[in-house]
Amino acid sequence: EKIKENGSEPKTELLEKTSAEYFKVFDKVMKYIVPLHNWNPHITKIEKLTNYELERKYEEAKLKAFGDFEDDKFHGTGDEGVKGISESGFKIGKPGMYGAGIYFATDSSKSSQDI
């Protein structure tokens with residue numbers, strides 16, 4: 001239903017710095033910084049990316065694999081990666097630190113590191 005109402009094209013929304021959603025994301029990023037990673041972010045904006053078609057596919061896959069379980073994780077990427085993920089979803093790319101895969105971290109500071 002959301003796809004029919006809102007279309008399947010990715011949408012970007014700049015979150016207002018006074019909104020509850022902005023503070024929730026900001027607090028989560030700041031809470032999960034490990035000093036050992038030597039990362040001190042200066043957050044200037046938070047954008048919300050939405051792609052209802054990808055959300056539908058995600059929900060279907062999640063229910064098959066994990067039921068209702070879901071957990072927040074961090075994924076580090078650049079502007080080009082954000083664009084690709086919001087349009088097509090995550091893709092298994094070149095082998096990384098632990099082989100080919102899609103890597104997520106529990107610490108925001110870990111996702112900020114180059115690998």
# chains A, B, ... in the order shown; residues from 1 in each chain; ligands from 1

$ residues_around --residues "range 37-51 of chain A" --least-positions-apart "2" --cutoff "9 Å" --atoms "only C-alpha atoms" --output "number ranges by chain"
A: 3, 7-17, 22, 25-26, 29-30, 33-35, 53-56, 82, 86-87, 109-110, 112-113

$ select_by_dssp --residues "chain A" --states "strand (DSSP E or B)" --output "list in words"
Lys11, Thr12, Glu13, Leu14, Glu47, Lys48, Leu49, Thr50, Phe74, Gly96, Met97, Gly99 and Ala105 of chain A

$ write_last_selection --atoms "N, CA, C and O atoms" --output "PDB file, in the first residue's frame"
ATOM      1  N   LYS A  11      13.520   8.299  -1.653  1.00  0.00           N
ATOM      2  CA  LYS A  11      13.284   9.681  -1.233  1.00  0.00           C
ATOM      3  C   LYS A  11      14.266  10.019  -0.115  1.00  0.00           C
ATOM      4  O   LYS A  11      14.569   9.198   0.731  1.00  0.00           O
ATOM      5  N   THR A  12      14.752  11.252  -0.121  1.00  0.00           N
ATOM      6  CA  THR A  12      15.651  11.744   0.922  1.00  0.00           C
ATOM      7  C   THR A  12      14.966  12.887   1.652  1.00  0.00           C
ATOM      8  O   THR A  12      14.429  13.794   1.035  1.00  0.00           O
ATOM      9  N   GLU A  13      15.004  12.818   2.983  1.00  0.00           N
ATOM     10  CA  GLU A  13      14.382  13.853   3.803  1.00  0.00           C
ATOM     11  C   GLU A  13      15.401  14.328   4.833  1.00  0.00           C
ATOM     12  O   GLU A  13      15.991  13.518   5.552  1.00  0.00           O
ATOM     13  N   LEU A  14      15.635  15.621   4.896  1.00  0.00           N
ATOM     14  CA  LEU A  14      16.519  16.203   5.897  1.00  0.00           C
ATOM     15  C   LEU A  14      15.747  16.295   7.208  1.00  0.00           C
ATOM     16  O   LEU A  14      14.693  16.929   7.270  1.00  0.00           O
ATOM     17  N   GLU A  47      20.084  12.748   7.380  1.00  0.00           N
ATOM     18  CA  GLU A  47      19.089  12.562   6.331  1.00  0.00           C
ATOM     19  C   GLU A  47      18.437  11.191   6.482  1.00  0.00           C
ATOM     20  O   GLU A  47      19.102  10.218   6.829  1.00  0.00           O
ATOM     21  N   LYS A  48      17.158  11.134   6.208  1.00  0.00           N
ATOM     22  CA  LYS A  48      16.405   9.880   6.230  1.00  0.00           C
ATOM     23  C   LYS A  48      16.156   9.459   4.783  1.00  0.00           C
ATOM     24  O   LYS A  48      15.591  10.216   3.998  1.00  0.00           O
ATOM     25  N   LEU A  49      16.626   8.272   4.441  1.00  0.00           N
ATOM     26  CA  LEU A  49      16.426   7.736   3.100  1.00  0.00           C
ATOM     27  C   LEU A  49      15.311   6.716   3.152  1.00  0.00           C
ATOM     28  O   LEU A  49      15.309   5.838   4.015  1.00  0.00           O
ATOM     29  N   THR A  50      14.379   6.800   2.214  1.00  0.00           N
ATOM     30  CA  THR A  50      13.249   5.879   2.171  1.00  0.00           C
ATOM     31  C   THR A  50      13.083   5.325   0.772  1.00  0.00           C
ATOM     32  O   THR A  50      13.106   6.066  -0.207  1.00  0.00           O
ATOM     33  N   PHE A  74      25.311  -0.417  12.417  1.00  0.00           N
ATOM     34  CA  PHE A  74      25.886   0.664  11.624  1.00  0.00           C
ATOM     35  C   PHE A  74      26.592   0.077  10.402  1.00  0.00           C
ATOM     36  O   PHE A  74      27.148  -1.014  10.454  1.00  0.00           O
ATOM     37  N   GLY A  96      36.204  -8.327   1.732  1.00  0.00           N
ATOM     38  CA  GLY A  96      36.677  -7.369   2.722  1.00  0.00           C
ATOM     39  C   GLY A  96      37.550  -8.047   3.754  1.00  0.00           C
ATOM     40  O   GLY A  96      38.185  -9.066   3.481  1.00  0.00           O
ATOM     41  N   MET A  97      37.535  -7.492   4.936  1.00  0.00           N
ATOM     42  CA  MET A  97      38.393  -7.977   6.015  1.00  0.00           C
ATOM     43  C   MET A  97      38.173  -9.469   6.308  1.00  0.00           C
ATOM     44  O   MET A  97      39.102 -10.192   6.619  1.00  0.00           O
ATOM     45  N   GLY A  99      36.352 -11.611   4.118  1.00  0.00           N
ATOM     46  CA  GLY A  99      35.843 -12.250   2.911  1.00  0.00           C
ATOM     47  C   GLY A  99      34.693 -11.452   2.314  1.00  0.00           C
ATOM     48  O   GLY A  99      34.328 -10.382   2.808  1.00  0.00           O
ATOM     49  N   ALA A 105      28.290  -3.127  12.008  1.00  0.00           N
ATOM     50  CA  ALA A 105      28.962  -3.071  13.304  1.00  0.00           C
ATOM     51  C   ALA A 105      27.996  -2.581  14.374  1.00  0.00           C
ATOM     52  O   ALA A 105      27.049  -1.845  14.089  1.00  0.00           O
TER      53      ALA A 105
END

$ atom_distance --atom1 "CA of His75 in chain A" --atom2 "CA of Phe90 in chain A"
10.3 Å

$ atom_distance --atom1 "CA of Gly93 in chain A" --atom2 "CA of Gly78 in chain A"
14.5 Å

$ atom_distance --atom1 "CA of Lys24 in chain A" --atom2 "CA of Lys64 in chain A"
28.3 Å

$ select_by_dssp --residues "range 3-74 of chain A" --states "alpha helix (DSSP H)" --output "number ranges by chain"
A: 3-6, 20-31, 52-66

$ residues_around --residues "Tyr32 in chain A" --least-positions-apart "5" --cutoff "8 Å" --atoms "only C-alpha atoms" --output "JSON, numbers by chain"
{"A": [106, 107, 108, 109]}
